[in-house]
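Chemist: A single structure is presented below for examination.
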Amino acid sequence: MKGLLIKDIKLLNNQKKQFILFLVMFVFLGFTGIFMPEFIMGYLPFTLGIFVMSTISYDDFDNGLSFLMTLPVTRNMYVAEKYVLALVMIIAGSICSFLIALLMVCKQSGAKEMTLWLADSGYILGAIVFCIGIFMGIMIPVQLKFGAEKGRIVLFIVFMILFGVFYFGEKLIKMIDRANVMSLLSKIEQTPGWLVAIIMLAVAIILLLISYRISVCIMKKKEL
C-alpha cells in the first residue's frame, strides 16, 4: 500500500499549482469578508476529496489500472489505499481549514465573538466531515463502477435522489409532529459541540466502512 500512496501523492503533486491557486483565492476572499469562515472550513476538505477522485481517473487512463494489477498489488489493497488517502486528506484538510477559519474569526471579531464561534465550531466541523464522508463514500464506488465520465452522471442522479429524500422527509417530519422535532433539535443544541463532532465522525467512519466493502465487491468483479 505504501507504493500506491506514494504514486497518488506524486499524482496529486502534479496538481499543486491549481490547488494552491484555489486556496490562496478563497483565503483572500475570506479575509476580506466575502466568504464566511464556515465556508472556508468546508471548502478545503471538499476540494482535497475531489483531488483524491482524480487519482482514480488517472489510474483508468491508458490502461493504467490493468498495468497496476500486474504488479504485487491486489484489488483489495488498491481499494483500501483510496479510502486511506481520502481519510488522510479529509482530516488534514479539516484541521488546516479550521485553523484558517479561526484566524479569520480572530481578525474579524472580538474575544467574545470568537469564544461563541469556538463553541459552535464542533457542530460545524462535525457536519462538514460527515457530509464529505458521505460524499466520498458514494463517489469512490460509483467511480470504480462506472468510470470518470459515466460516474459524473450517476453521481448527479444519486444526489438529486438524496436531495429529494431529505427535502420531502423534512416536510413530512414537520407535518407529522412538529413539537417532537423542535424538542429533539433543542436537545441537540444543548449537546456539547465536541460530542456532536465525535458522533458525526463515528457515523461517517461506519458509512465509509460500508462503502469500502461495496467498493471491494465492485473491484473484484471489474474487468481489466
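By convention here, the chains of the C-alpha cells are called A, B, ... in the order presented, each chain's residues are numbered starting at 1, and ligands are numbered starting at 1 in the order presented.
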May I have the residues within 9 Å of A:Thr47 as a ChimeraX atom specification, using only C-alpha atoms and disregarding those fewer than 5 positions away in the same chain?
Modeler: /A:19,42,52,93
Chemist: Hey, what's within 10 Å of A:Ile56 if we count only C-alpha atoms and toss same-chain stuff fewer than 3 positions away? As a ChimeraX atom specification, please?
Modeler: /A:8,51-53,59-61,64-65,82,140,143-144,147-148
Chemist: Compile the contact shell of A:Val154 as an MDAnalysis selection string: residues with an atom at most 8 Å away, counting only C-alpha atoms, same-chain residues fewer than 4 positions apart removed.
Modeler: chainID A and resid 142 150 158
Chemist: Produce a file of the selected residues containing N, CA, C and O atoms, as a compact mmCIF listing (two decimals), in the first residue's frame.
Modeler:
```txt
# COMPACT_ATOMS: atom_id res chain seq x y z
N VAL A 142 -18.92 4.58 -6.99
CA VAL A 142 -19.53 4.98 -8.26
C VAL A 142 -18.46 5.13 -9.33
O VAL A 142 -18.62 4.66 -10.47
N LYS A 150 -19.10 8.44 -16.98
CA LYS A 150 -20.42 7.96 -16.58
C LYS A 150 -20.66 8.17 -15.09
O LYS A 150 -21.79 8.36 -14.65
N VAL A 158 -27.77 10.34 -8.21
CA VAL A 158 -27.80 9.91 -6.80
C VAL A 158 -28.05 11.10 -5.88
O VAL A 158 -28.88 11.03 -4.96
```
Chemist: Using only C-alpha atoms, can you tell me which of A:Val196, A:Leu102, A:Ile132, A:Met69 comes closest to A:Leu44?
Modeler: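 Residue with the minimum atom-to-atom distance to A:Leu44: A:Ile132.
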Chemist: Which of these, A:Cys217, A:Leu23, A:Met136, A:Phe156, has the shortest distance to A:Val84 once you count only C-alpha atoms?
Modeler: A:Met136
Chemist: Let me make sure I understand: among A:Met139, A:Leu5, A:Leu201, A:Leu12, which one has the smallest atom-to-atom distance to A:Ile91 if we use only C-alpha atoms?
Modeler: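 For A:Ile91, the nearest of the candidates is A:Leu201.
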Chemist: So that I can see what lies close to stretch 210-215 of chain A, please list as a ChimeraX atom specification the residues with an atom at most 12 Å from it, counting only C-alpha atoms and leaving out residues fewer than 5 positions away in the same chain.
Modeler: /A:75-84,86,133-146,203-205,220-222
Chemist: Print the selection's residues with C-alpha atoms to a file, as a short mmCIF file (atom, residue, chain, number, x, y, z; two decimals), in the first residue's frame.
Modeler:
```
data_model
loop_
_atom_site.label_atom_id
_atom_site.label_comp_id
_atom_site.auth_asym_id
_atom_site.auth_seq_id
_atom_site.Cartn_x
_atom_site.Cartn_y
_atom_site.Cartn_z
CA ARG A 75 -7.61 -5.35 -5.79
CA ASN A 76 -8.40 -5.16 -2.08
CA MET A 77 -5.17 -3.26 -1.49
CA TYR A 78 -5.98 -0.82 -4.29
CA VAL A 79 -9.43 -0.03 -2.84
CA ALA A 80 -8.11 0.24 0.72
CA GLU A 81 -5.45 2.71 -0.39
CA LYS A 82 -8.06 5.03 -1.93
CA TYR A 83 -10.03 5.14 1.33
CA VAL A 84 -6.89 5.67 3.43
CA ALA A 86 -9.34 10.01 1.31
CA GLY A 133 -17.51 11.38 4.34
CA ILE A 134 -20.88 10.55 2.77
CA PHE A 135 -19.78 12.22 -0.49
CA MET A 136 -16.58 10.17 -0.64
CA GLY A 137 -18.43 7.01 0.41
CA ILE A 138 -20.74 7.41 -2.59
CA MET A 139 -18.21 8.78 -5.05
CA ILE A 140 -15.49 6.13 -4.75
CA PRO A 141 -17.66 3.05 -5.54
CA VAL A 142 -19.53 4.98 -8.26
CA GLN A 143 -16.30 5.98 -9.98
CA LEU A 144 -14.84 2.48 -9.65
CA LYS A 145 -18.01 1.02 -11.18
CA PHE A 146 -18.76 3.49 -13.98
CA VAL A 203 -21.09 7.68 11.84
CA ALA A 204 -19.05 8.89 8.84
CA ILE A 205 -16.40 6.21 9.50
CA LYS A 220 -13.34 -7.88 -7.69
CA LYS A 221 -15.93 -8.04 -10.49
CA LYS A 222 -14.28 -5.30 -12.59
#
```
Chemist: Select, from A:Ile20, A:Ala127, A:Met160, A:Met41, the residue with the minimum atom-to-atom distance to A:Leu195, counting only C-alpha atoms.
Modeler: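 The closest residue to A:Leu195 is A:Ala127.
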Chemist: Can you measure atom CA of A:Cys106 to atom CA of A:Pro37 for me? One decimal in Å is fine.
Modeler: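 These two atoms are separated by 10.6 Å.
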Chemist: For A:Val105, which residue out of A:Ile161, A:Leu4, A:Ile40, A:Ile198 is the nearest one, using only C-alpha atoms?
Modeler: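 Closest residue, counting only C-alpha atoms: A:Ile40.
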Chemist: Quick one: distance from atom CA of A:Asn13 to atom CA of A:Val88 in Å, one decimal?
Modeler: 15.2 Å
